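Shown next: start-v8.txt, containing compact mmCIF, C-alpha atoms and all ligand atoms.
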```txt
# COMPACT_ATOMS: atom_id res chain seq x y z
CA MET B 1 49.20 114.14 83.16
CA PRO B 2 50.77 110.77 84.00
CA SER B 3 51.87 108.76 80.99
CA ASN B 4 54.86 106.63 81.95
CA SER B 5 54.90 102.95 81.15
CA ALA B 6 54.66 101.82 84.78
CA THR B 7 51.37 103.66 85.07
CA THR B 8 50.24 102.22 81.76
CA THR B 9 50.84 98.74 83.17
CA GLY B 10 49.03 99.82 86.31
CA GLY B 11 46.18 101.10 84.19
CA PHE B 12 45.89 97.73 82.49
CA ASP B 13 45.87 95.88 85.82
CA LEU B 14 43.40 98.34 87.22
CA LEU B 15 40.93 97.97 84.36
CA ALA B 16 41.17 94.16 84.55
CA ARG B 17 40.41 94.41 88.27
CA ALA B 18 37.52 96.80 87.64
CA ARG B 19 36.10 94.51 84.96
CA ASP B 20 35.87 91.67 87.44
CA LEU B 21 34.65 93.64 90.46
CA VAL B 22 32.36 96.22 88.87
CA LEU B 23 31.19 94.71 85.58
CA GLU B 24 30.89 91.10 86.66
CA GLN B 25 29.93 91.53 90.32
CA GLY B 26 28.20 94.91 90.25
CA LEU B 27 30.29 96.24 93.13
CA GLY B 28 31.79 99.73 93.28
CA LEU B 29 35.54 100.30 92.96
CA PRO B 30 37.28 101.11 96.24
CA GLU B 31 38.65 104.63 96.74
CA SER B 32 42.28 103.69 96.04
CA ASP B 33 41.26 102.31 92.63
CA ILE B 34 39.05 105.31 91.90
CA LEU B 35 42.14 107.47 92.39
CA GLU B 36 44.00 105.29 89.89
CA VAL B 37 41.26 105.83 87.32
CA LEU B 38 41.54 109.59 87.87
CA ASN B 39 45.29 109.25 87.23
CA LEU B 40 45.11 107.01 84.17
CA PRO B 41 47.49 107.80 81.32
CA ASP B 42 45.92 109.27 78.20
CA ASP B 43 46.14 106.06 76.23
CA ALA B 44 44.12 104.11 78.83
CA VAL B 45 41.22 106.59 79.05
CA PRO B 46 39.24 105.26 76.05
CA ASP B 47 39.36 101.76 77.59
CA ALA B 48 38.19 103.11 80.94
CA LEU B 49 35.26 104.91 79.30
CA ALA B 50 34.37 101.80 77.29
CA LEU B 51 34.35 99.72 80.47
CA ALA B 52 32.24 102.33 82.27
CA HIS B 53 29.77 102.17 79.38
CA GLU B 54 29.60 98.39 79.61
CA VAL B 55 28.98 98.69 83.35
CA ARG B 56 26.17 101.19 82.79
CA MET B 57 24.55 98.98 80.12
CA ARG B 58 24.83 95.85 82.29
CA TRP B 59 23.60 97.31 85.59
CA CYS B 60 21.35 100.20 84.49
CA GLY B 61 20.32 99.35 80.93
CA PRO B 62 20.25 101.48 77.78
CA GLU B 63 17.57 103.96 78.91
CA VAL B 64 18.51 107.56 79.58
CA GLU B 65 16.58 109.48 82.21
CA VAL B 66 15.66 112.97 81.06
CA GLU B 67 14.88 115.68 83.60
CA GLY B 68 13.89 119.33 83.51
CA ILE B 69 14.48 121.71 86.39
CA VAL B 70 12.76 124.91 87.40
CA SER B 71 13.64 127.44 90.04
CA VAL B 72 10.75 128.58 92.22
CA LYS B 73 12.95 130.92 94.19
CA THR B 74 16.06 132.32 92.56
CA GLY B 75 18.95 134.27 94.13
CA GLY B 76 19.31 135.92 97.51
CA CYS B 77 20.35 132.75 99.34
CA PRO B 78 21.93 133.41 102.76
CA GLU B 79 24.49 130.58 102.36
CA ASP B 80 27.99 131.08 100.98
CA CYS B 81 28.66 128.11 98.67
CA HIS B 82 31.68 129.55 96.85
CA PHE B 83 30.64 128.33 93.39
CA CYS B 84 27.11 129.70 93.52
CA SER B 85 25.91 132.88 91.88
CA GLN B 86 22.63 132.62 93.83
CA SER B 87 24.31 133.36 97.13
CA GLY B 88 23.31 136.77 98.45
CA GLN B 89 26.81 137.12 99.92
CA PHE B 90 28.58 137.64 96.59
CA SER B 91 28.31 140.28 93.89
CA SER B 92 27.26 137.78 91.21
CA PRO B 93 24.45 139.23 89.10
CA VAL B 94 21.49 136.93 89.84
CA ARG B 95 18.32 138.78 90.77
CA SER B 96 16.06 137.41 93.46
CA ALA B 97 12.75 136.14 92.03
CA TRP B 98 9.77 133.85 92.85
CA LEU B 99 7.76 131.73 90.43
CA ASP B 100 3.99 131.42 90.92
CA ILE B 101 1.94 128.21 90.67
CA PRO B 102 0.60 128.69 87.09
CA ALA B 103 4.15 129.31 85.85
CA LEU B 104 5.30 126.19 87.68
CA VAL B 105 2.64 124.07 85.99
CA GLU B 106 3.54 125.52 82.59
CA ALA B 107 7.20 124.65 83.18
CA ALA B 108 6.22 121.08 84.13
CA LYS B 109 4.15 120.76 80.95
CA ALA B 110 7.00 122.06 78.79
CA THR B 111 9.37 119.61 80.45
CA ALA B 112 6.99 116.67 79.91
CA ALA B 113 6.64 117.67 76.25
CA THR B 114 10.35 116.91 75.71
CA GLY B 115 9.72 113.32 76.82
CA ALA B 116 11.27 113.90 80.24
CA SER B 117 10.08 111.74 83.15
CA GLU B 118 11.43 113.98 85.92
CA PHE B 119 10.64 117.55 86.88
CA CYS B 120 12.70 119.00 89.72
CA ILE B 121 11.57 122.06 91.65
CA VAL B 122 14.54 123.95 93.02
CA ALA B 123 14.83 126.86 95.45
CA ALA B 124 17.89 128.89 96.44
CA VAL B 125 17.46 128.67 100.21
CA ARG B 126 19.24 127.29 103.26
CA GLY B 127 16.09 125.28 103.89
CA PRO B 128 12.39 125.84 103.21
CA ASP B 129 10.33 128.29 105.29
CA GLU B 130 6.56 128.05 105.64
CA ARG B 131 5.98 130.16 102.51
CA LEU B 132 8.04 127.75 100.42
CA MET B 133 6.41 124.66 101.95
CA LYS B 134 2.99 126.13 101.10
CA GLN B 135 4.20 126.76 97.56
CA MET B 136 5.30 123.13 97.37
CA ARG B 137 1.99 121.78 98.71
CA GLU B 138 0.01 123.79 96.17
CA GLY B 139 2.50 123.46 93.32
CA VAL B 140 2.98 119.70 93.51
CA ALA B 141 -0.80 119.16 93.70
CA ALA B 142 -1.37 121.42 90.68
CA ILE B 143 1.36 119.68 88.65
CA LYS B 144 0.04 116.22 89.49
CA ALA B 145 -3.45 117.28 88.44
CA ALA B 146 -2.22 118.63 85.09
CA VAL B 147 0.83 116.66 83.93
CA GLY B 148 2.09 113.06 83.91
CA ILE B 149 5.55 113.59 85.30
CA GLN B 150 7.45 112.61 88.44
CA VAL B 151 8.11 115.53 90.76
CA ALA B 152 11.44 115.91 92.53
CA ALA B 153 12.59 118.76 94.77
CA SER B 154 15.75 120.50 95.88
CA LEU B 155 15.07 122.91 98.71
CA GLY B 156 18.17 122.77 100.89
CA MET B 157 18.39 121.30 104.37
CA LEU B 158 15.20 119.89 105.85
CA SER B 159 13.75 119.21 109.28
CA GLN B 160 12.23 115.80 109.95
CA GLU B 161 8.77 117.36 109.74
CA GLN B 162 9.53 118.83 106.31
CA VAL B 163 10.95 115.54 105.06
CA ASP B 164 7.77 113.76 106.12
CA GLU B 165 5.56 116.38 104.51
CA LEU B 166 7.39 116.33 101.17
CA ALA B 167 7.15 112.54 101.08
CA ALA B 168 3.44 112.74 101.94
CA ILE B 169 2.59 115.19 99.15
CA GLY B 170 4.25 112.89 96.60
CA VAL B 171 7.75 114.27 96.03
CA HIS B 172 9.39 111.07 94.91
CA ARG B 173 13.04 112.13 94.84
CA TYR B 174 14.94 114.74 96.82
CA ASN B 175 18.14 116.40 95.63
CA HIS B 176 20.69 117.62 98.11
CA ASN B 177 24.29 117.68 96.95
CA LEU B 178 27.24 117.00 99.20
CA GLU B 179 29.11 119.06 96.54
CA THR B 180 32.62 117.81 97.31
CA ALA B 181 34.70 115.57 99.57
CA ARG B 182 34.17 115.87 103.30
CA SER B 183 37.84 116.90 103.68
CA TYR B 184 37.40 119.81 101.23
CA PHE B 185 33.92 120.97 102.20
CA THR B 186 35.05 123.81 104.49
CA GLU B 187 36.93 125.34 101.54
CA VAL B 188 33.65 125.49 99.63
CA VAL B 189 31.01 126.33 102.25
CA THR B 190 31.38 127.95 105.68
CA THR B 191 27.76 128.67 106.63
CA HIS B 192 26.76 125.06 107.23
CA THR B 193 28.50 121.73 107.59
CA TYR B 194 28.93 118.57 105.57
CA GLN B 195 27.31 116.69 108.42
CA GLU B 196 24.17 118.84 108.22
CA ARG B 197 23.82 117.92 104.55
CA TRP B 198 24.46 114.27 105.31
CA ASP B 199 21.77 114.30 108.03
CA THR B 200 19.15 115.64 105.60
CA LEU B 201 20.04 112.90 103.10
CA ARG B 202 19.67 110.19 105.72
CA MET B 203 16.20 111.49 106.70
CA VAL B 204 15.16 111.61 103.05
CA ARG B 205 16.19 107.99 102.55
CA THR B 206 14.44 106.83 105.73
CA ALA B 207 11.22 108.60 104.69
CA GLY B 208 11.14 106.56 101.48
CA MET B 209 12.01 109.27 98.96
CA GLU B 210 14.72 108.52 96.41
CA VAL B 211 18.03 110.20 97.21
CA CYS B 212 19.68 112.40 94.59
CA CYS B 213 23.10 113.58 95.67
CA GLY B 214 26.08 114.73 93.67
CA GLY B 215 28.40 117.65 93.44
CA ILE B 216 30.73 119.79 91.42
CA LEU B 217 34.15 118.80 90.17
CA GLY B 218 36.91 121.28 89.44
CA MET B 219 36.54 123.49 92.52
CA GLY B 220 40.24 123.22 93.43
CA GLU B 221 39.99 119.80 95.07
CA THR B 222 42.89 117.38 94.62
CA LEU B 223 42.49 114.14 92.71
CA GLU B 224 42.68 112.37 96.08
CA GLN B 225 39.73 114.44 97.27
CA ARG B 226 37.84 113.74 94.05
CA ALA B 227 38.31 110.02 94.70
CA GLU B 228 37.33 110.53 98.34
CA PHE B 229 34.13 112.23 97.20
CA ALA B 230 33.22 109.35 94.89
CA GLY B 231 33.81 106.94 97.77
CA GLN B 232 31.62 108.98 100.11
CA LEU B 233 28.82 109.06 97.54
CA ALA B 234 29.10 105.28 97.16
CA GLU B 235 28.75 104.97 100.93
CA LEU B 236 25.54 106.99 100.76
CA GLU B 237 24.16 104.77 97.95
CA PRO B 238 22.14 107.48 96.21
CA ASP B 239 19.59 106.62 93.54
CA GLU B 240 20.96 109.44 91.40
CA VAL B 241 24.23 111.36 91.23
CA PRO B 242 24.23 114.63 89.29
CA LEU B 243 27.77 115.32 88.15
CA ASN B 244 28.53 118.99 87.60
CA PHE B 245 31.73 120.57 86.37
CA LEU B 246 32.48 124.02 87.73
CA ASN B 247 31.29 126.79 85.46
CA PRO B 248 33.13 129.67 87.14
CA ARG B 249 30.59 132.42 87.76
CA PRO B 250 31.77 136.04 87.85
CA GLY B 251 31.58 137.57 91.31
CA THR B 252 31.79 134.29 93.20
CA PRO B 253 34.93 133.25 95.14
CA PHE B 254 35.52 130.53 92.54
CA GLY B 255 34.90 132.90 89.62
CA ASP B 256 38.55 132.91 88.54
CA LEU B 257 39.19 129.16 88.70
CA PRO B 258 40.02 127.62 85.32
CA PRO B 259 37.40 125.19 83.99
CA LEU B 260 38.25 121.51 84.41
CA SER B 261 40.00 120.13 81.33
CA ALA B 262 38.10 117.70 79.14
CA ALA B 263 40.76 115.08 79.86
CA HIS B 264 40.13 115.25 83.61
CA ALA B 265 36.36 115.42 83.15
CA LEU B 266 36.33 112.22 81.08
CA ARG B 267 38.46 110.38 83.65
CA ALA B 268 36.03 111.55 86.31
CA ILE B 269 33.00 110.27 84.40
CA ALA B 270 34.57 106.83 84.08
CA ALA B 271 35.71 106.88 87.73
CA PHE B 272 32.30 107.86 89.13
CA ARG B 273 30.53 105.19 87.06
CA LEU B 274 33.00 102.54 88.23
CA ALA B 275 32.46 103.70 91.83
CA LEU B 276 28.66 103.67 91.42
CA PRO B 277 27.70 100.91 88.99
CA ARG B 278 23.95 100.95 89.64
CA THR B 279 23.31 104.66 90.14
CA ILE B 280 21.63 107.05 87.73
CA LEU B 281 24.63 109.18 86.74
CA ARG B 282 23.43 112.48 85.40
CA PHE B 283 25.25 115.06 83.36
CA ALA B 284 24.27 118.30 85.06
CA GLY B 285 25.83 121.78 84.81
CA GLY B 286 29.10 122.74 83.18
CA ARG B 287 29.39 119.96 80.64
CA GLU B 288 29.17 122.42 77.74
CA ILE B 289 32.19 124.47 78.78
CA THR B 290 34.23 121.50 79.96
CA LEU B 291 33.48 118.99 77.27
CA GLY B 292 31.75 120.79 74.42
CA ASP B 293 29.38 118.99 72.06
CA LEU B 294 31.69 116.05 71.47
CA GLY B 295 32.04 115.44 75.19
CA THR B 296 28.33 114.95 75.65
CA ARG B 297 28.56 112.03 73.25
CA GLU B 298 31.69 110.68 74.94
CA GLY B 299 30.03 110.94 78.34
CA LEU B 300 26.91 109.10 77.19
CA LEU B 301 29.19 106.40 75.83
CA GLY B 302 31.29 106.44 79.00
CA GLY B 303 28.89 105.72 81.82
CA VAL B 304 26.45 108.64 81.94
CA ASN B 305 22.78 107.63 81.71
CA ALA B 306 20.80 110.77 82.50
CA VAL B 307 20.70 114.36 81.29
CA ILE B 308 19.08 117.63 82.24
CA VAL B 309 17.31 119.24 79.32
CA GLY B 310 16.99 122.96 78.83
CA ASN B 311 18.52 125.50 81.12
CA TYR B 312 20.35 125.04 84.39
CA LEU B 313 19.59 127.30 87.30
CA THR B 314 21.93 130.15 86.54
CA THR B 315 23.40 129.31 83.16
CA LEU B 316 22.03 128.29 79.78
CA GLY B 317 22.26 124.66 78.73
CA ARG B 318 22.07 123.06 75.30
CA ASP B 319 18.95 123.08 73.18
CA PRO B 320 16.83 120.06 74.33
CA ALA B 321 16.35 119.05 70.68
CA GLU B 322 20.12 118.56 70.33
CA ASP B 323 20.26 116.20 73.29
CA LEU B 324 17.20 114.27 72.19
CA ALA B 325 18.58 113.90 68.65
CA LEU B 326 21.85 112.61 70.08
CA LEU B 327 20.03 110.01 72.21
CA SER B 328 18.13 108.85 69.16
CA GLU B 329 21.34 108.59 67.13
CA LEU B 330 22.98 106.55 69.91
CA SER B 331 19.92 104.26 70.10
CA MET B 332 19.42 105.13 73.74
CA PRO B 333 15.69 105.20 74.55
CA ILE B 334 14.36 107.86 76.90
CA LYS B 335 13.29 106.27 80.15
CA VAL B 336 9.55 106.37 80.62
CA ILE B 337 7.82 106.87 83.93
CA SER B 338 7.49 103.64 85.85
CA GLY B 339 5.00 102.92 88.62
CA SER B 340 2.38 105.37 89.81
CA ILE B 341 2.98 109.09 89.75
S1 LIG M 401 24.25 126.23 96.42
FE1 LIG M 401 22.19 126.40 97.30
S2 LIG M 401 22.55 126.74 99.51
FE2 LIG M 401 24.48 127.18 98.46
S3 LIG M 401 24.43 129.43 98.06
FE3 LIG M 401 23.63 128.40 96.22
S4 LIG M 401 21.42 128.36 96.49
FE4 LIG M 401 22.32 128.75 98.50
```
Please re-express this file's structure in structure tokens.
Amino acid sequence: MPSNSATTTGGFDLLARARDLVLEQGLGLPESDILEVLNLPDDAVPDALALAHEVRMRWCGPEVEVEGIVSVKTGGCPEDCHFCSQSGQFSSPVRSAWLDIPALVEAAKATAATGASEFCIVAAVRGPDERLMKQMREGVAAIKAAVGIQVAASLGMLSQEQVDELAAIGVHRYNHNLETARSYFTEVVTTHTYQERWDTLRMVRTAGMEVCCGGILGMGETLEQRAEFAGQLAELEPDEVPLNFLNPRPGTPFGDLPPLSAAHALRAIAAFRLALPRTILRFAGGREITLGDLGTREGLLGGVNAVIVGNYLTTLGRDPAEDLALLSELSMPIKVISGSI
């Protein structure tokens, strides 16, 4: 980890620059500066996190967006994303399963009961087939009839027709992660391209749905590629960025990678907030193993303004009550639903 005095001076200059550009003007840091944040010496990291927190408070406000996710179709995916235990190409022990409509509605109710404003329906697929689109039509209608919660979806790559239909049935936000930098993508996925993902995101934006796009850090990418990824997300201008840290799953090609250190994860949180001052930056999977309980607090005081409550798709998360108690202690109100559902 860099810690010489020249870098310390650089860190000071960098944070002064970031204060003017990001905090005062609301503009994202350029990629070269993002890389500097990722390389900050240890003694400059608390200042970087404090600045990222100021940026979040100035441009996003104190509210924290709480979301629950549910998987309608688990496992057996034909794609080969090397971090994913739901791929049917690896020996990772995730059984293929479908959720029916009543179970979906129950999950939405349980999510709303935590105070969450977002409920994301997720499926482990390359893209939706007609069976899944039918499930979405019926499921979203049933949820909207029963629960006051915004419905988001994450169903892989979409055709224009599917984009239009999801927008028409009232899916307000669509998640599709770029996962990593364009230059590293082929080391992570070989069954589809970065461009295919990018094309789906563009269609989602044009159709009027909010764009949710993030990725996973700690998959063997260099710091340069991590900075490149933040810059590419900034270019996309997503409404939300879920930030995951790799939780190495047994049986996947990345199963033996070491978890990202807390020191690198905290630099990344500050860097992504400074690259994306106005975006909802969500703590997603892996924060427990990378940062532990203390890190959740540090992240929420370092630029993060959204959390997923309950379980992730293939791993267990923290108890929702713990997160909600922490938000209360930090005097960060849970964002309520705005506009019509
Ligand atoms: S990340 Fe999604 S597309 Fe990739 S293998 Fe997992 S479920 Fe399939």
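Closest approach to ligand LIG 401 (chain M) among B:Leu158, B:Leu236, B:Val55, B:Ile143: B:Leu158, based on all atoms listed in the file.
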#### Entry: Surrounding residues of Glu224 (chain B) excluding itself and chain neighbours under 3 positions, 7 Å, all atoms listed in the file, as a PyMOL selection string
chain B and resi 35+227-228
Output for the residues just chosen: C-alpha atoms as an mmCIF file, keeping the file's coordinate frame:
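Output contents, as saved in again-v1.cif:
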```
data_model
loop_
_atom_site.group_PDB
_atom_site.id
_atom_site.type_symbol
_atom_site.label_atom_id
_atom_site.label_comp_id
_atom_site.auth_asym_id
_atom_site.auth_seq_id
_atom_site.Cartn_x
_atom_site.Cartn_y
_atom_site.Cartn_z
ATOM 1 C CA LEU B 35 42.140 107.470 92.390
ATOM 2 C CA ALA B 227 38.310 110.020 94.700
ATOM 3 C CA GLU B 228 37.330 110.530 98.340
#
```
### Query
Which residues come within 9 Å of region 77-86 of chain B, counting all atoms listed in the file, excluding same-chain residues fewer than 4 positions away, as an NGL selection string?
:B and (90-96 or 123-126 or 187-192 or 216 or 219 or 246-255 or 313-314)
### Task
Please provide the set of residues having any atom within 8 Å of Phe245 (chain B), restricted to all atoms listed in the file, with same-chain residues fewer than 6 positions apart removed, written as a ChimeraX atom specification.
/B:216-218,259-260,265,284-287,290
I need the chosen residues saved as a JSON list (two decimals), in the frame of the given file, with C-alpha atoms.
```
[["chain", "number", "residue", "atom", "x", "y", "z"],
["B", 216, "ILE", "CA", 30.73, 119.79, 91.42],
["B", 217, "LEU", "CA", 34.15, 118.80, 90.17],
["B", 218, "GLY", "CA", 36.91, 121.28, 89.44],
["B", 259, "PRO", "CA", 37.40, 125.19, 83.99],
["B", 260, "LEU", "CA", 38.25, 121.51, 84.41],
["B", 265, "ALA", "CA", 36.36, 115.42, 83.15],
["B", 284, "ALA", "CA", 24.27, 118.30, 85.06],
["B", 285, "GLY", "CA", 25.83, 121.78, 84.81],
["B", 286, "GLY", "CA", 29.10, 122.74, 83.18],
["B", 287, "ARG", "CA", 29.39, 119.96, 80.64],
["B", 290, "THR", "CA", 34.23, 121.50, 79.96]]
```
#### Entry: Protein, DNA and RNA residues within 12 Å of (12.0, 104.3, 98.1), all atoms listed in the file, as JSON, numbers by chain
{"B": [167, 170, 171, 172, 173, 174, 203, 204, 205, 206, 207, 208, 209, 210, 211, 212, 238, 239, 339]}
### Non-local contacts of region 326-336 of chain B (7 Å; all atoms listed in the file; under 4 positions in same chain excluded) as a PyMOL selection string
chain B and resi 62-66+117+322
Go ahead and save the picked residues with C-alpha atoms, as a tab-separated table (two decimals), keeping the file's coordinate frame.
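The resulting file, part37.tsv, is reproduced below:
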```tsv
chain	number	residue	atom	x	y	z
B	62	PRO	CA	20.25	101.48	77.78
B	63	GLU	CA	17.57	103.96	78.91
B	64	VAL	CA	18.51	107.56	79.58
B	65	GLU	CA	16.58	109.48	82.21
B	66	VAL	CA	15.66	112.97	81.06
B	117	SER	CA	10.08	111.74	83.15
B	322	GLU	CA	20.12	118.56	70.33
```
#### Entry: For ligand LIG 401 (chain M), the nearest of the candidates B:Ile101, B:Ile34, B:Val122, B:Met57, counting only C-alpha atoms and all ligand atoms
B:Val122
